[in-house]
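Colleague: Sharing a structure with you now.
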Amino acid sequence: MRSRRLFIVMALALLSGLAAAWLALNYLRQPESPIRTSEPASTEVVVAARDLSLGTVLTAEDVKLVGWPGGLLPEGYSSSVEEVLGRGVIYNVVLNEPLISSKIAVKEAGGGLPIVIPEGMRGVSVRVDDVISIAGFVLPGTRVDVLVTLDQGNQQGNPETKIVLQNIPVLTSGQVIEQTINGEPIQVTVLTMLVTPEQAEELVLAATRGRIQLALRNTLDVDSVTTQGARLNSLIPAQRVARRSSAPRRATPPPAQTTRQIEVWRGNQVETETLDEGGSQ
């Protein structure tokens with residue numbers, strides 16, 4: 001009787017162990033549930049599929065959709081490719097940068113340079129060489145000062161150089177082909193600057209009546225300076241040359257001669273001698 005009870009207890013313990021093992025095995029075989037986070041769901045945002053230069057008209061190859069955290073959406077973003085197609089880029093855009101409304105022109109405005117020019121401003125192009133364009137360092141987005149040199153700086157014909165425009169943005173920099181007097185093709189650099197109508201007049205006058213030169217600025221330096229300009233006679237100090245008079249010089253008349261008589265004793269004799277002024281006999 002006692003052995004039978006022991007057998008029943010052992011059997012129940014074995015069954016309980018097998019049940020526990022089976023439950024643990026099933027729990028471990030279940031797929032892991034995803035970890036829930038408090039981050040908001042992402043939203044698709046239109047970004048640049050490549051580097052886009054100013055004036056580019058957007059096509060399907062220029063843009064793409066990427067997931068963007070819902071809590072960090074950029075202001076003015078586009079969630080559909082159709083919203084940006086055919087619109088012009090008014091600021092340079094780099095790869096994967098969101099195409100927000102302030103970076104692209106309004107619909108049906110087109111592309112190219114005209115959409116970049118703000119209302120009330122003008123784009124003026126000037127022909128320059130490698131020296132004037134600072135050996136290729138003047139690029140779109142840089143700012144320059146414009147200096148002009150006039151051969152006839154004043155009525156005395158003293159050449160003068162003066163800063164006429166300051167902190168002028170450069171919109172574009174490109175190459176064009178022109179012909180020389182002999183008909184030979186040459187490559188010429190043309191810069192387009194963003195100026196006010198008054199500055200446009202000064203820039204054109206400086207480029208046509210004098211020789212212009214550009215000075216590259218730090219883009220963070222927006223202060224204007226006042227200068228007196230530089231003239232040729234300020235670089236080379238004037239040398240005073242003694243002028244010879246063309247009139248003949250008058251001869252100085254010799255001073256009037258006077259004589260004196262003196263007595264000279266030689267022993268017991270007295271002689272009288274006559275001397276000219278100065279002591280000569």
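By convention here, the chains of the structure tokens are called A, B, ... in the order presented, each chain's residues are numbered starting at 1, and ligands are numbered starting at 1 in the order presented.
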Running DSSP on the backbone, which parts of range 41-202 of chain A land in strand (DSSP E or B), as a ChimeraX atom specification?

Modeller: /A:42-48,52,57,63-69,88-89,93,98,104,122-128,143-150,160-179,185-195

Colleague: Excluding Gly123 in chain A and any residue of its chain fewer than 2 positions from it, enumerate the residues within 8 Å of it, using only C-alpha atoms, and give them as an NGL selection string.

Modeller: :A and (117 or 121 or 125 or 171 or 192-195)

Colleague: Which residues come within 10 Å of Val222 in chain A, counting only C-alpha atoms, excluding same-chain residues fewer than 4 positions away, as a list of chain:residue names?

Modeller: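 Here the qualifying residues turn out to be A:Arg143, A:Gln166, A:Asn167, A:Ile168, A:Arg217, A:Asn218.
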
Colleague: Residues within 9 Å of Leu85 in chain A, please, as a list of chain:residue names. Count only C-alpha atoms; anything in the same chain fewer than 6 positions from it doesn't count.

Modeller: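 Close residues of Leu85 in chain A: A:Val57, A:Leu58, A:Thr59, A:Ala60, A:Asp62, A:Val63, A:Lys107.
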
Colleague: Write the selection just made, keeping N, CA and C atoms, as an mmCIF file, in the first residue's frame?

Modeller:
```cif
data_model
loop_
_atom_site.group_PDB
_atom_site.id
_atom_site.type_symbol
_atom_site.label_atom_id
_atom_site.label_comp_id
_atom_site.auth_asym_id
_atom_site.auth_seq_id
_atom_site.Cartn_x
_atom_site.Cartn_y
_atom_site.Cartn_z
ATOM 1 N N VAL A 57 15.835 72.672 -63.681
ATOM 2 C CA VAL A 57 14.413 72.316 -63.690
ATOM 3 C C VAL A 57 14.308 70.854 -63.269
ATOM 4 N N LEU A 58 13.568 70.581 -62.207
ATOM 5 C CA LEU A 58 13.526 69.253 -61.615
ATOM 6 C C LEU A 58 12.811 68.249 -62.504
ATOM 7 N N THR A 59 13.424 67.067 -62.642
ATOM 8 C CA THR A 59 12.828 65.941 -63.348
ATOM 9 C C THR A 59 12.755 64.755 -62.399
ATOM 10 N N ALA A 60 12.159 63.654 -62.874
ATOM 11 C CA ALA A 60 12.010 62.470 -62.026
ATOM 12 C C ALA A 60 13.363 61.888 -61.625
ATOM 13 N N ASP A 62 15.935 63.599 -60.804
ATOM 14 C CA ASP A 62 16.605 64.492 -59.859
ATOM 15 C C ASP A 62 16.124 64.313 -58.427
ATOM 16 N N VAL A 63 15.019 63.605 -58.219
ATOM 17 C CA VAL A 63 14.412 63.548 -56.881
ATOM 18 C C VAL A 63 14.140 62.101 -56.484
ATOM 19 N N LYS A 107 5.380 76.852 -58.874
ATOM 20 C CA LYS A 107 4.982 76.108 -60.059
ATOM 21 C C LYS A 107 4.779 77.043 -61.248
#
```

Colleague: Quick one: DSSP helix (DSSP H, G or I) residues in range 8-70 of chain A, as a PyMOL selection string?

Modeller: chain A and resi 8-29+60-62+70

Colleague: Rounded to one decimal place, report the CA of Ser133 in chain A-CA of Gly174 in chain A distance in Å.

Modeller: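 Distance reported for this atom pair: 11.1 Å.
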
Colleague: Need the shell around Pro98 in chain A: protein/DNA/RNA residues with any atom at most 10 Å away, counting only C-alpha atoms. Skip same-chain ones fewer than 3 positions apart. Format as a PyMOL selection string?

Modeller: chain A and resi 45-49+63-66+68+73-78+93-95+101+103

Colleague: Choose the residue, out of A:Glu160, A:Asp129, A:Glu83, A:Glu44, that has the smallest atom-to-atom separation from Gln228 in chain A; count only C-alpha atoms.

Modeller: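 The closest residue to Gln228 in chain A is A:Glu160.
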
Colleague: Can you tell me, as a list in words, what residues are no more than 12 Å from Thr208 in chain A when counting only C-alpha atoms, ignoring any on the same chain fewer than 4 positions away?

Modeller: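 Once the adjacent positions are removed, what remains is Val126, Arg127, Val148, Thr149, Leu150, Glu201, Glu202, Leu203, Val204 and Ile212 of chain A.
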